[in-house]
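Student: Just so it is clear, I am handing over structure.cif, which has mmCIF, C-alpha atoms.
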```
data_coords
#
loop_
_atom_site.label_atom_id
_atom_site.label_comp_id
_atom_site.auth_asym_id
_atom_site.auth_seq_id
_atom_site.Cartn_x
_atom_site.Cartn_y
_atom_site.Cartn_z
CA MET A 1 48.04 81.52 17.25
CA THR A 2 49.66 79.87 20.18
CA PHE A 3 53.18 78.50 20.29
CA LEU A 4 51.80 74.94 20.36
CA GLU A 5 49.73 75.60 17.26
CA ILE A 6 52.76 76.96 15.34
CA GLY A 7 54.78 73.88 16.41
CA ASN A 8 52.09 71.49 15.28
CA GLN A 9 51.77 73.24 11.90
CA TYR A 10 55.51 72.99 11.23
CA HIS A 11 55.55 69.31 12.16
CA LEU A 12 52.65 68.64 9.81
CA GLU A 13 54.32 70.31 6.80
CA LEU A 14 57.54 68.42 7.46
CA PHE A 15 55.60 65.21 7.66
CA ILE A 16 53.90 65.93 4.31
CA ALA A 17 57.24 66.87 2.69
CA PHE A 18 58.69 63.66 4.02
CA LEU A 19 55.87 61.66 2.52
CA CYS A 20 56.25 63.38 -0.90
CA GLY A 21 59.99 62.81 -0.82
CA GLY A 22 59.42 59.14 -0.06
CA ALA A 23 56.97 58.81 -2.99
CA PHE A 24 59.41 60.46 -5.40
CA SER A 25 62.21 58.22 -4.18
CA ALA A 26 60.10 55.11 -4.65
CA LEU A 27 59.07 56.30 -8.14
CA ALA A 28 62.71 56.99 -9.14
CA ALA A 29 63.73 53.57 -7.85
CA CYS A 30 61.01 51.88 -9.94
CA VAL A 31 62.04 53.83 -13.04
CA TRP A 32 65.66 52.93 -12.54
CA TYR A 33 64.77 49.24 -11.98
CA MET A 34 62.59 48.97 -14.99
CA ALA A 35 65.15 50.68 -17.20
CA SER A 36 67.92 48.37 -16.06
CA HIS A 37 65.59 45.34 -16.53
CA GLN A 38 64.82 46.37 -20.08
CA LYS A 39 68.53 46.86 -20.73
CA LYS A 40 69.30 43.36 -19.48
CA GLU A 41 66.56 41.92 -21.62
CA LEU A 42 67.96 43.73 -24.61
CA HIS A 43 71.38 42.31 -23.94
CA GLU A 44 70.12 38.83 -23.34
CA LYS A 45 67.64 38.56 -26.15
CA PRO A 46 68.70 38.54 -29.77
CA TYR A 47 67.91 41.82 -31.47
CA PRO A 48 65.66 41.76 -34.42
CA SER A 49 66.54 45.37 -34.82
CA ALA A 50 68.47 46.83 -32.08
CA GLU A 51 67.51 50.34 -32.61
CA THR A 52 63.86 49.56 -33.05
CA GLU A 53 63.86 47.31 -30.16
CA SER A 54 65.53 49.88 -27.99
CA GLN A 55 63.14 52.54 -29.09
CA HIS A 56 60.31 50.22 -28.38
CA ILE A 57 61.67 49.46 -24.99
CA LEU A 58 62.30 53.08 -24.24
CA SER A 59 58.86 53.96 -25.38
CA ASN A 60 57.36 51.31 -23.17
CA ALA A 61 59.47 52.42 -20.33
CA ASN A 62 58.42 55.97 -20.85
CA GLU A 63 54.85 55.02 -20.94
CA GLU A 64 55.22 52.95 -17.84
CA ALA A 65 57.15 55.69 -16.16
CA VAL A 66 54.57 58.27 -17.11
CA GLU A 67 51.92 55.98 -15.80
CA ILE A 68 53.82 55.39 -12.62
CA LEU A 69 54.41 59.11 -12.26
CA ARG A 70 50.79 59.83 -12.84
CA VAL A 71 49.75 57.21 -10.33
CA ALA A 72 52.36 58.50 -7.88
CA THR A 73 51.27 62.02 -8.45
CA GLU A 74 47.69 61.01 -7.97
CA LYS A 75 48.59 59.19 -4.84
CA ALA A 76 50.61 62.10 -3.69
CA ARG A 77 47.74 64.46 -4.37
CA GLU A 78 45.49 62.16 -2.44
CA VAL A 79 47.97 62.01 0.34
CA LEU A 80 48.31 65.78 0.30
CA GLN A 81 44.56 66.17 0.33
CA SER A 82 44.22 63.72 3.18
CA VAL A 83 47.07 65.47 4.90
CA ALA A 84 45.32 68.80 4.37
CA HIS A 85 42.18 67.28 5.82
CA VAL A 86 44.20 65.85 8.66
CA LYS A 87 45.93 69.15 9.06
CA GLU A 88 42.65 70.99 9.09
CA GLY A 89 41.19 68.50 11.59
CA VAL A 90 44.27 68.49 13.71
CA GLY A 91 44.49 72.28 13.61
CA SER A 92 40.87 72.60 14.49
CA SER A 93 41.11 70.10 17.31
CA LEU A 94 44.38 71.60 18.43
CA THR A 95 42.82 75.04 18.42
CA LYS A 96 39.91 73.71 20.36
CA GLU A 97 42.23 71.96 22.78
CA LEU A 98 44.40 74.97 23.10
CA THR A 99 41.37 77.21 23.54
CA ALA A 100 40.09 74.85 26.20
CA ILE A 101 43.47 74.77 27.87
CA ALA A 102 43.68 78.54 27.61
CA GLU A 103 40.26 78.83 29.10
CA GLN A 104 41.28 76.46 31.83
CA HIS A 105 44.39 78.45 32.42
CA LYS A 106 42.43 81.68 32.30
CA GLN A 107 39.98 80.29 34.77
CA TYR A 108 42.81 78.99 36.85
CA LEU A 109 44.54 82.33 36.72
CA GLN A 110 41.30 84.12 37.54
CA ASP A 111 40.72 81.75 40.43
CA ALA A 112 44.32 82.06 41.42
CA SER A 113 44.23 85.83 41.16
CA LEU A 114 41.00 85.95 43.12
CA LYS A 115 42.47 83.61 45.67
CA TYR A 116 45.62 85.63 45.60
CA VAL A 117 43.67 88.85 46.08
CA GLU A 118 41.72 87.25 48.91
CA THR A 119 44.87 85.90 50.41
CA TYR A 120 46.56 89.23 49.89
CA GLU A 121 43.67 91.06 51.48
CA HIS A 122 43.59 88.57 54.29
CA MET A 123 47.33 88.85 54.71
CA ALA A 124 47.09 92.61 54.48
CA GLU A 125 44.41 92.63 57.13
CA ARG A 126 46.50 90.29 59.27
CA ALA A 127 49.56 92.32 58.58
CA GLN A 128 47.68 95.48 59.44
CA GLU A 129 46.35 93.87 62.58
CA GLU A 130 49.80 92.56 63.43
CA TYR A 131 51.26 95.92 62.56
CA LEU A 132 48.72 97.67 64.74
CA SER A 133 49.24 95.10 67.46
CA THR A 134 53.00 95.41 67.16
CA LEU A 135 52.65 99.17 67.05
CA HIS A 136 50.46 99.06 70.12
CA GLU A 137 52.87 96.73 71.88
CA ALA A 138 55.79 98.83 70.74
CA SER A 139 54.07 102.00 71.90
CA GLN A 140 53.30 100.29 75.20
CA VAL A 141 56.87 99.04 75.46
CA MET A 142 58.14 102.48 74.51
CA ALA A 143 55.80 104.07 76.99
CA GLY A 144 56.97 101.55 79.59
CA ASP A 145 60.58 102.20 78.65
CA ALA A 146 59.98 105.91 78.70
CA LYS A 147 58.34 105.63 82.09
CA HIS A 148 61.16 103.42 83.31
CA THR A 149 63.68 105.85 81.89
CA LEU A 150 61.82 108.74 83.45
CA ASP A 151 61.72 106.89 86.76
CA MET A 152 65.44 106.19 86.48
CA PHE A 153 66.07 109.79 85.52
CA GLU A 154 63.94 110.94 88.43
CA THR A 155 65.83 108.63 90.75
CA PHE A 156 69.10 109.83 89.25
CA LEU A 157 68.03 113.44 89.65
CA LYS A 158 66.99 112.78 93.23
CA ASP A 159 70.30 111.09 93.97
CA GLN A 160 72.19 113.87 92.24
CA THR A 161 70.16 116.48 94.07
CA ILE A 162 70.81 114.75 97.37
CA GLY A 163 74.49 114.44 96.48
CA TYR A 164 74.70 118.09 95.47
CA LYS A 165 72.80 119.08 98.56
CA GLN A 166 75.17 117.08 100.76
CA GLN A 167 78.15 118.50 98.93
CA MET A 168 76.80 122.02 99.26
CA GLU A 169 76.03 121.45 102.94
CA LYS A 170 79.54 120.14 103.43
CA LYS A 171 80.99 123.08 101.54
CA ILE A 172 78.84 125.50 103.53
CA ASP A 173 79.92 123.79 106.77
CA ASP A 174 83.56 123.94 105.69
CA LEU A 175 83.15 127.57 104.69
CA ARG A 176 81.37 128.33 107.96
CA ASN A 177 84.10 126.59 109.95
CA LYS A 178 86.76 128.41 107.96
CA VAL A 179 85.01 131.74 108.45
CA ASN A 180 84.56 130.97 112.15
CA GLU A 181 88.23 130.12 112.40
CA GLN A 182 89.14 133.32 110.61
CA VAL A 183 86.76 135.30 112.81
CA ASN A 184 88.20 133.66 115.92
CA GLU A 185 91.70 134.29 114.66
CA TYR A 186 90.80 137.88 113.85
CA LYS A 187 89.12 138.19 117.23
CA LYS A 188 92.17 136.76 118.98
CA GLU A 189 94.45 139.08 117.04
CA LYS A 190 92.29 142.09 117.84
CA LEU A 191 91.97 141.07 121.48
CA LYS A 192 95.71 140.59 121.56
CA ARG A 193 96.18 144.06 120.14
CA VAL A 194 93.67 145.47 122.62
CA ASP A 195 95.43 143.64 125.44
CA LYS A 196 98.74 144.93 124.21
CA ALA A 197 97.39 148.47 123.99
CA ILE A 198 95.89 148.13 127.47
CA ASN A 199 99.18 146.81 128.76
CA GLU A 200 101.04 149.67 127.13
CA ILE A 201 98.67 152.12 128.80
CA VAL A 202 98.94 150.29 132.13
CA ILE A 203 102.70 150.24 131.85
CA LEU A 204 102.80 153.92 130.98
CA VAL A 205 100.45 154.79 133.81
CA ALA A 206 102.38 152.54 136.17
CA LYS A 207 105.64 154.16 135.17
CA ILE A 208 104.28 157.64 135.71
CA VAL A 209 102.48 156.82 138.95
CA ILE A 210 105.24 154.71 140.42
CA GLY A 211 107.96 157.08 139.20
CA ARG A 212 106.27 160.04 140.84
CA SER A 213 105.40 158.22 144.00
CA LEU A 214 108.95 157.07 144.78
CA ASN A 215 110.80 158.84 147.62
CA ILE A 216 114.53 159.47 147.77
CA LYS A 217 115.23 156.36 149.76
CA GLU A 218 113.39 154.21 147.25
CA HIS A 219 115.21 155.96 144.41
CA ASN A 220 118.53 155.28 146.11
CA GLU A 221 117.60 151.65 146.54
CA LEU A 222 116.78 151.38 142.86
CA VAL A 223 120.14 152.87 141.88
CA LEU A 224 121.90 150.47 144.21
CA ARG A 225 119.89 147.65 142.77
CA ALA A 226 121.03 148.68 139.29
CA LEU A 227 124.61 148.71 140.46
CA GLU A 228 124.26 145.32 142.13
CA GLU A 229 122.77 143.89 138.98
CA ALA A 230 125.58 145.29 136.89
CA LYS A 231 128.10 143.86 139.29
CA LYS A 232 126.46 140.44 139.12
CA GLU A 233 126.67 140.53 135.37
CA GLY A 234 130.41 141.27 135.54
CA PHE A 235 130.09 144.85 134.37
CA PHE A 236 132.77 145.94 136.94
CA SER A 237 134.85 142.78 136.76
CA HIS A 238 137.98 144.77 135.81
CA LEU A 239 137.37 147.24 138.60
CA GLU A 240 136.55 145.00 141.49
CA LEU A 241 138.93 144.59 144.34
CA MET B 1 153.51 159.86 148.17
CA ASN B 2 150.35 158.29 149.40
CA TYR B 3 147.31 160.36 148.43
CA GLU B 4 144.74 157.71 149.18
CA PRO B 5 143.61 159.11 152.55
CA ILE B 6 142.72 162.28 150.71
CA TYR B 7 141.12 161.08 147.46
CA VAL B 8 139.17 158.41 149.25
CA ASN B 9 137.08 161.26 150.58
CA ILE B 10 136.41 162.71 147.11
CA ARG B 11 133.17 161.10 145.94
CA THR B 12 132.09 162.94 142.81
CA THR B 13 133.61 164.78 139.88
CA ALA B 14 132.04 167.94 141.27
CA GLU B 15 133.95 167.47 144.52
CA ARG B 16 137.12 166.77 142.56
CA GLY B 17 136.62 170.04 140.69
CA ALA B 18 136.26 171.84 144.00
CA VAL B 19 139.52 170.27 145.19
CA TYR B 20 141.25 171.33 141.98
CA ALA B 21 140.11 174.87 142.53
CA ALA B 22 141.15 174.80 146.18
CA ILE B 23 144.60 173.50 145.24
CA GLU B 24 145.03 176.40 142.83
CA VAL B 25 144.05 178.90 145.48
CA ILE B 26 146.35 177.35 148.08
CA LEU B 27 149.26 177.24 145.64
CA GLU B 28 148.81 180.91 144.92
CA ALA B 29 148.73 181.65 148.63
CA LEU B 30 151.90 179.71 149.37
CA TYR B 31 154.26 182.41 148.23
CA LYS B 32 152.30 185.37 149.50
CA LYS B 33 153.34 187.06 152.69
CA GLY B 34 151.14 186.45 155.63
CA GLY B 35 149.37 183.60 153.85
CA ASP B 36 147.91 181.19 156.29
CA ILE B 37 147.91 177.82 154.54
CA ASP B 38 145.79 176.07 157.14
CA LYS B 39 143.19 178.79 156.96
CA ARG B 40 143.15 178.60 153.18
CA ILE B 41 142.68 174.85 153.39
CA GLU B 42 139.77 175.20 155.75
CA THR B 43 138.09 177.85 153.67
CA GLU B 44 138.74 176.53 150.16
CA MET B 45 138.76 172.74 150.45
CA PRO B 46 135.62 170.65 150.83
CA SER B 47 135.07 169.82 154.46
CA ALA B 48 135.68 166.11 153.95
CA ILE B 49 139.16 166.87 152.62
CA VAL B 50 140.30 169.42 155.19
CA LEU B 51 141.28 167.09 157.96
CA PRO B 52 142.94 164.40 155.85
CA LEU B 53 144.88 167.07 153.93
CA LYS B 54 146.07 168.78 157.15
CA GLN B 55 147.18 165.43 158.51
CA ALA B 56 149.01 164.64 155.29
CA LEU B 57 150.80 168.02 155.29
CA MET B 58 151.81 167.51 158.92
CA GLN B 59 153.50 164.29 157.96
CA LEU B 60 155.64 166.02 155.33
CA PRO B 61 159.44 166.15 156.15
CA ASP B 62 159.34 169.95 156.17
CA LYS B 63 156.82 172.72 156.02
CA SER B 64 158.48 174.68 153.25
CA ALA B 65 156.38 176.20 150.50
CA LYS B 66 158.24 174.17 147.94
CA THR B 67 157.47 170.87 149.64
CA ILE B 68 153.82 171.77 150.09
CA GLN B 69 153.64 172.86 146.48
CA THR B 70 155.13 169.56 145.34
CA TYR B 71 152.67 167.66 147.47
CA LEU B 72 149.67 169.59 146.24
CA GLU B 73 150.73 169.28 142.61
CA GLY B 74 151.18 165.55 143.15
CA LEU B 75 147.69 165.46 144.64
CA GLY B 76 146.31 167.27 141.64
CA LYS B 77 147.94 164.77 139.29
CA GLN B 78 146.62 161.92 141.38
CA LEU B 79 143.12 163.31 141.11
CA THR B 80 143.35 163.37 137.31
CA ILE B 81 143.98 159.66 137.20
CA LEU B 82 141.03 158.72 139.37
CA ARG B 83 138.58 156.46 137.51
CA ILE B 84 135.12 157.86 136.83
CA LEU B 85 131.91 155.94 137.04
CA SER B 86 129.08 157.77 135.26
CA LEU B 87 125.59 157.40 136.65
CA GLU B 88 122.45 158.90 135.16
CA ILE B 89 119.62 158.96 137.67
CA ALA B 90 116.01 160.16 137.56
CA TYR B 91 116.07 162.58 140.50
CA ASP B 92 118.16 165.29 142.08
CA PRO B 93 120.78 163.51 144.19
CA THR B 94 120.89 164.36 147.85
CA GLU B 95 123.83 164.04 150.24
CA GLU B 96 122.33 160.81 151.38
CA THR B 97 122.22 159.58 147.81
CA ILE B 98 125.91 160.40 147.25
CA ALA B 99 126.87 158.86 150.59
CA VAL B 100 125.00 155.67 149.94
CA LEU B 101 126.40 155.28 146.43
CA THR B 102 129.96 156.10 147.53
CA ALA B 103 129.74 153.60 150.37
CA TRP B 104 128.68 150.90 147.92
CA ILE B 105 131.45 151.85 145.44
CA ARG B 106 134.17 151.91 148.09
CA GLU B 107 133.07 148.55 149.40
CA SER B 108 132.44 146.87 146.10
CA LEU B 109 134.81 148.47 143.60
CA GLY B 110 137.62 150.42 145.30
CA ASN B 111 138.80 153.80 146.62
CA ASP B 112 140.10 155.36 143.41
CA ILE B 113 136.69 155.72 141.80
CA ILE B 114 134.57 158.84 141.77
CA ILE B 115 131.03 159.31 140.52
CA GLU B 116 129.92 161.57 137.71
CA LEU B 117 126.23 162.14 138.34
CA SER B 118 123.72 163.49 135.83
CA ILE B 119 119.91 163.56 135.73
CA ASP B 120 117.48 162.03 133.20
CA ARG B 121 113.93 162.11 134.54
CA SER B 122 112.58 159.80 131.84
CA LEU B 123 114.29 156.93 133.62
CA LEU B 124 111.67 157.24 136.40
CA GLY B 125 113.99 155.30 138.69
CA GLY B 126 117.16 153.19 138.65
CA ALA B 127 120.27 154.26 136.76
CA ARG B 128 122.07 154.33 133.45
CA ILE B 129 125.63 153.20 134.17
CA SER B 130 128.63 153.72 131.91
CA TYR B 131 132.32 153.19 132.38
CA GLU B 132 135.17 153.21 129.84
CA GLY B 133 132.95 152.36 126.90
CA ARG B 134 130.72 149.93 128.78
CA TYR B 135 127.11 150.80 129.13
CA LYS B 136 124.19 149.37 131.08
CA GLU B 137 120.76 150.65 131.86
CA THR B 138 118.62 149.31 134.65
CA ASN B 139 115.82 151.75 135.25
CA LEU B 140 112.38 151.60 136.77
CA ALA B 141 110.61 151.91 133.43
CA MET B 142 112.37 148.80 132.19
CA PHE B 143 111.72 147.05 135.45
CA ILE B 144 107.99 147.81 135.36
CA GLU B 145 107.72 146.86 131.73
CA HIS B 146 109.59 143.61 132.34
CA LYS B 147 107.29 142.71 135.20
CA MET B 148 104.20 143.63 133.22
CA ARG B 149 105.37 141.52 130.28
CA GLU B 150 105.89 138.60 132.67
CA GLN B 151 102.35 139.03 133.95
CA GLU B 152 101.08 139.29 130.37
CA ILE B 153 102.78 136.01 129.41
CA ILE B 154 101.45 134.29 132.52
CA LEU B 155 97.93 135.51 131.73
#
```
When written as structure tokens, how does the structure in this file appear?

Tutor:
Amino acid sequence: MTFLEIGNQYHLELFIAFLCGGAFSALAACVWYMASHQKKELHEKPYPSAETESQHILSNANEEAVEILRVATEKAREVLQSVAHVKEGVGSSLTKELTAIAEQHKQYLQDASLKYVETYEHMAERAQEEYLSTLHEASQVMAGDAKHTLDMFETFLKDQTIGYKQQMEKKIDDLRNKVNEQVNEYKKEKLKRVDKAINEIVILVAKIVIGRSLNIKEHNELVLRALEEAKKEGFFSHLEL
Amino acid sequence: MNYEPIYVNIRTTAERGAVYAAIEVILEALYKKGGDIDKRIETEMPSAIVLPLKQALMQLPDKSAKTIQTYLEGLGKQLTILRILSLEIAYDPTEETIAVLTAWIRESLGNDIIIELSIDRSLLGGARISYEGRYKETNLAMFIEHKMREQEIIL
């Protein structure tokens, strides 16, 4: 049972209850009117026998009321029957309508789901294609980037290598110059020492040779020369004449 | 008394020592009988002193032993106060060496200076001079070395 069917059924029962209520209200109003009319007639007319008359009136009223109730009940039954028929017809038609609508909706949903599946598949294919394409492009871009990066790295390495090479060459040159300077310095120092040693030997030899080769006259001249030098330097200043 | 004519002829400490010794001998002979003073002078004194001493004695006021003794003792004292110039040389000095040096000293420094000579062969040449605490060395070894150093600097 669908929600619409339940709603329709409740509305129908309320409608029937409303109709029954209306019939009972109308019946009660008739009874009350007739009773009050009889009462007025009793008051207005002279009473042959009040009690009898009243009983007669009440009896008539009861009979009329019973009749009215019977007719109302009959009419109500008829109404209820017709309502039941209507309800049955309405329920049947509603069921049919609802079934048709449900079928329509089912069909629509089937169509929609099929369409959705198709669309989904199509989108999936497109997405896959786009994904593959993007992946391909990305891989190409990455490959390009990687190549570019590798090229840059290669260039960087070359530059660095050249820089290091130049630095090393400069350092080697500096070291070579320094070593050459040290060698030259060492050479100079050694040559100086050799020269000094040679000079010492020459001086020694000269002393010995010259000393031995001097004659007395030359010796005397040297002594006089020493004295003259001393005199010039003021060695005998306190002795001189 | 003037002793200069005598001590001017004394050139070295060795000669002064010889004069001292001669004075002693002469003084001993003064009071001996038969002592010939002139002969003693000739035999004992260095030859360079003989003549100046004889001339000095002749100029004395008298020829008494006492006067001669006084003169000789005065000479001895005079010799002790002669100034000494020490020279170390590299060779054995000859007469020529002493004469040359004395001539230079007399001319340049004065007559009251005598030479004390000694030998140090390591000097090779030149002299090591000292006098009253002063000292100077100008020898051939230094001279050669100085010249060689000059040549070394020039080179």

Student: Would you give me, as an NGL selection string, the residues of chain B that come within 7 Å of chain A, using all atoms listed in the file?

Tutor: :B and (97 or 101 or 108-110 or 124-127 or 138 or 141 or 144-145 or 148)

Student: Hey, can you check how far CA of Tyr3 (chain B) sits from CA of Val100 (chain B)?

Tutor: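 We find that CA of Tyr3 (chain B) and CA of Val100 (chain B) lie 22.8 Å from each other.
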
Student: Which residues, written as a PDB file with C-alpha atoms, keeping the file's coordinate frame, have at least one atom at most 10 Å from region 7-21 of chain B, with all atoms listed in the file counted and residues fewer than 3 positions away on the same chain left out?

Tutor:
```
ATOM      1  CA  ASN B   2     150.350 158.290 149.400  1.00  0.00           C
ATOM      2  CA  TYR B   3     147.310 160.360 148.430  1.00  0.00           C
ATOM      3  CA  GLU B   4     144.740 157.710 149.180  1.00  0.00           C
ATOM      4  CA  GLU B  24     145.030 176.400 142.830  1.00  0.00           C
ATOM      5  CA  VAL B  25     144.050 178.900 145.480  1.00  0.00           C
ATOM      6  CA  ILE B  26     146.350 177.350 148.080  1.00  0.00           C
ATOM      7  CA  LEU B  27     149.260 177.240 145.640  1.00  0.00           C
ATOM      8  CA  ILE B  41     142.680 174.850 153.390  1.00  0.00           C
ATOM      9  CA  GLU B  44     138.740 176.530 150.160  1.00  0.00           C
ATOM     10  CA  MET B  45     138.760 172.740 150.450  1.00  0.00           C
ATOM     11  CA  PRO B  46     135.620 170.650 150.830  1.00  0.00           C
ATOM     12  CA  SER B  47     135.070 169.820 154.460  1.00  0.00           C
ATOM     13  CA  ALA B  48     135.680 166.110 153.950  1.00  0.00           C
ATOM     14  CA  ILE B  49     139.160 166.870 152.620  1.00  0.00           C
ATOM     15  CA  VAL B  50     140.300 169.420 155.190  1.00  0.00           C
ATOM     16  CA  PRO B  52     142.940 164.400 155.850  1.00  0.00           C
ATOM     17  CA  LEU B  53     144.880 167.070 153.930  1.00  0.00           C
ATOM     18  CA  LEU B  72     149.670 169.590 146.240  1.00  0.00           C
ATOM     19  CA  GLU B  73     150.730 169.280 142.610  1.00  0.00           C
ATOM     20  CA  LEU B  75     147.690 165.460 144.640  1.00  0.00           C
ATOM     21  CA  GLY B  76     146.310 167.270 141.640  1.00  0.00           C
ATOM     22  CA  LYS B  77     147.940 164.770 139.290  1.00  0.00           C
ATOM     23  CA  GLN B  78     146.620 161.920 141.380  1.00  0.00           C
ATOM     24  CA  LEU B  79     143.120 163.310 141.110  1.00  0.00           C
ATOM     25  CA  THR B  80     143.350 163.370 137.310  1.00  0.00           C
ATOM     26  CA  LEU B  82     141.030 158.720 139.370  1.00  0.00           C
ATOM     27  CA  ARG B  83     138.580 156.460 137.510  1.00  0.00           C
ATOM     28  CA  ILE B  84     135.120 157.860 136.830  1.00  0.00           C
ATOM     29  CA  LEU B  85     131.910 155.940 137.040  1.00  0.00           C
ATOM     30  CA  SER B  86     129.080 157.770 135.260  1.00  0.00           C
ATOM     31  CA  ILE B  98     125.910 160.400 147.250  1.00  0.00           C
ATOM     32  CA  ALA B  99     126.870 158.860 150.590  1.00  0.00           C
ATOM     33  CA  LEU B 101     126.400 155.280 146.430  1.00  0.00           C
ATOM     34  CA  THR B 102     129.960 156.100 147.530  1.00  0.00           C
ATOM     35  CA  ALA B 103     129.740 153.600 150.370  1.00  0.00           C
ATOM     36  CA  ILE B 105     131.450 151.850 145.440  1.00  0.00           C
ATOM     37  CA  ARG B 106     134.170 151.910 148.090  1.00  0.00           C
ATOM     38  CA  GLY B 110     137.620 150.420 145.300  1.00  0.00           C
ATOM     39  CA  ASN B 111     138.800 153.800 146.620  1.00  0.00           C
ATOM     40  CA  ASP B 112     140.100 155.360 143.410  1.00  0.00           C
ATOM     41  CA  ILE B 113     136.690 155.720 141.800  1.00  0.00           C
ATOM     42  CA  ILE B 114     134.570 158.840 141.770  1.00  0.00           C
ATOM     43  CA  ILE B 115     131.030 159.310 140.520  1.00  0.00           C
ATOM     44  CA  GLU B 116     129.920 161.570 137.710  1.00  0.00           C
ATOM     45  CA  LEU B 117     126.230 162.140 138.340  1.00  0.00           C
TER      46      LEU B 117
END
```

Student: Rounded to one decimal place, report the CA of Asn177 (chain A)-CA of Lys165 (chain A) distance in Å.

Tutor: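 Separation between CA of Asn177 (chain A) and CA of Lys165 (chain A): 17.7 Å.
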
Student: For Leu60 (chain B), which residue out of B:Met1, B:Tyr91, B:Glu42, B:His146 is the nearest one, using all atoms listed in the file?

Tutor: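 Residue with the minimum atom-to-atom distance to Leu60 (chain B): B:Met1.
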
Student: For Lys63 (chain B), which residue out of B:Trp104, B:Asp38, B:Ser118, B:Ile81 is the nearest one, using only C-alpha atoms?

Tutor: B:Asp38

Student: Do you have the CA of Asn62 (chain A)-CA of Ser82 (chain A) distance handy?

Tutor: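 Distance reported for this atom pair: 29.0 Å.
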
Student: Assuming 3 Å of padding per side, give the centre and edge lengths of the axis-aligned box around every listed atom of region 65-79 of chain B, in Å to one decimal and as JSON.

Tutor:
```
{"center_x": 150.7, "center_y": 169.1, "center_z": 144.9, "size_x": 21.1, "size_y": 20.3, "size_z": 17.2}
```
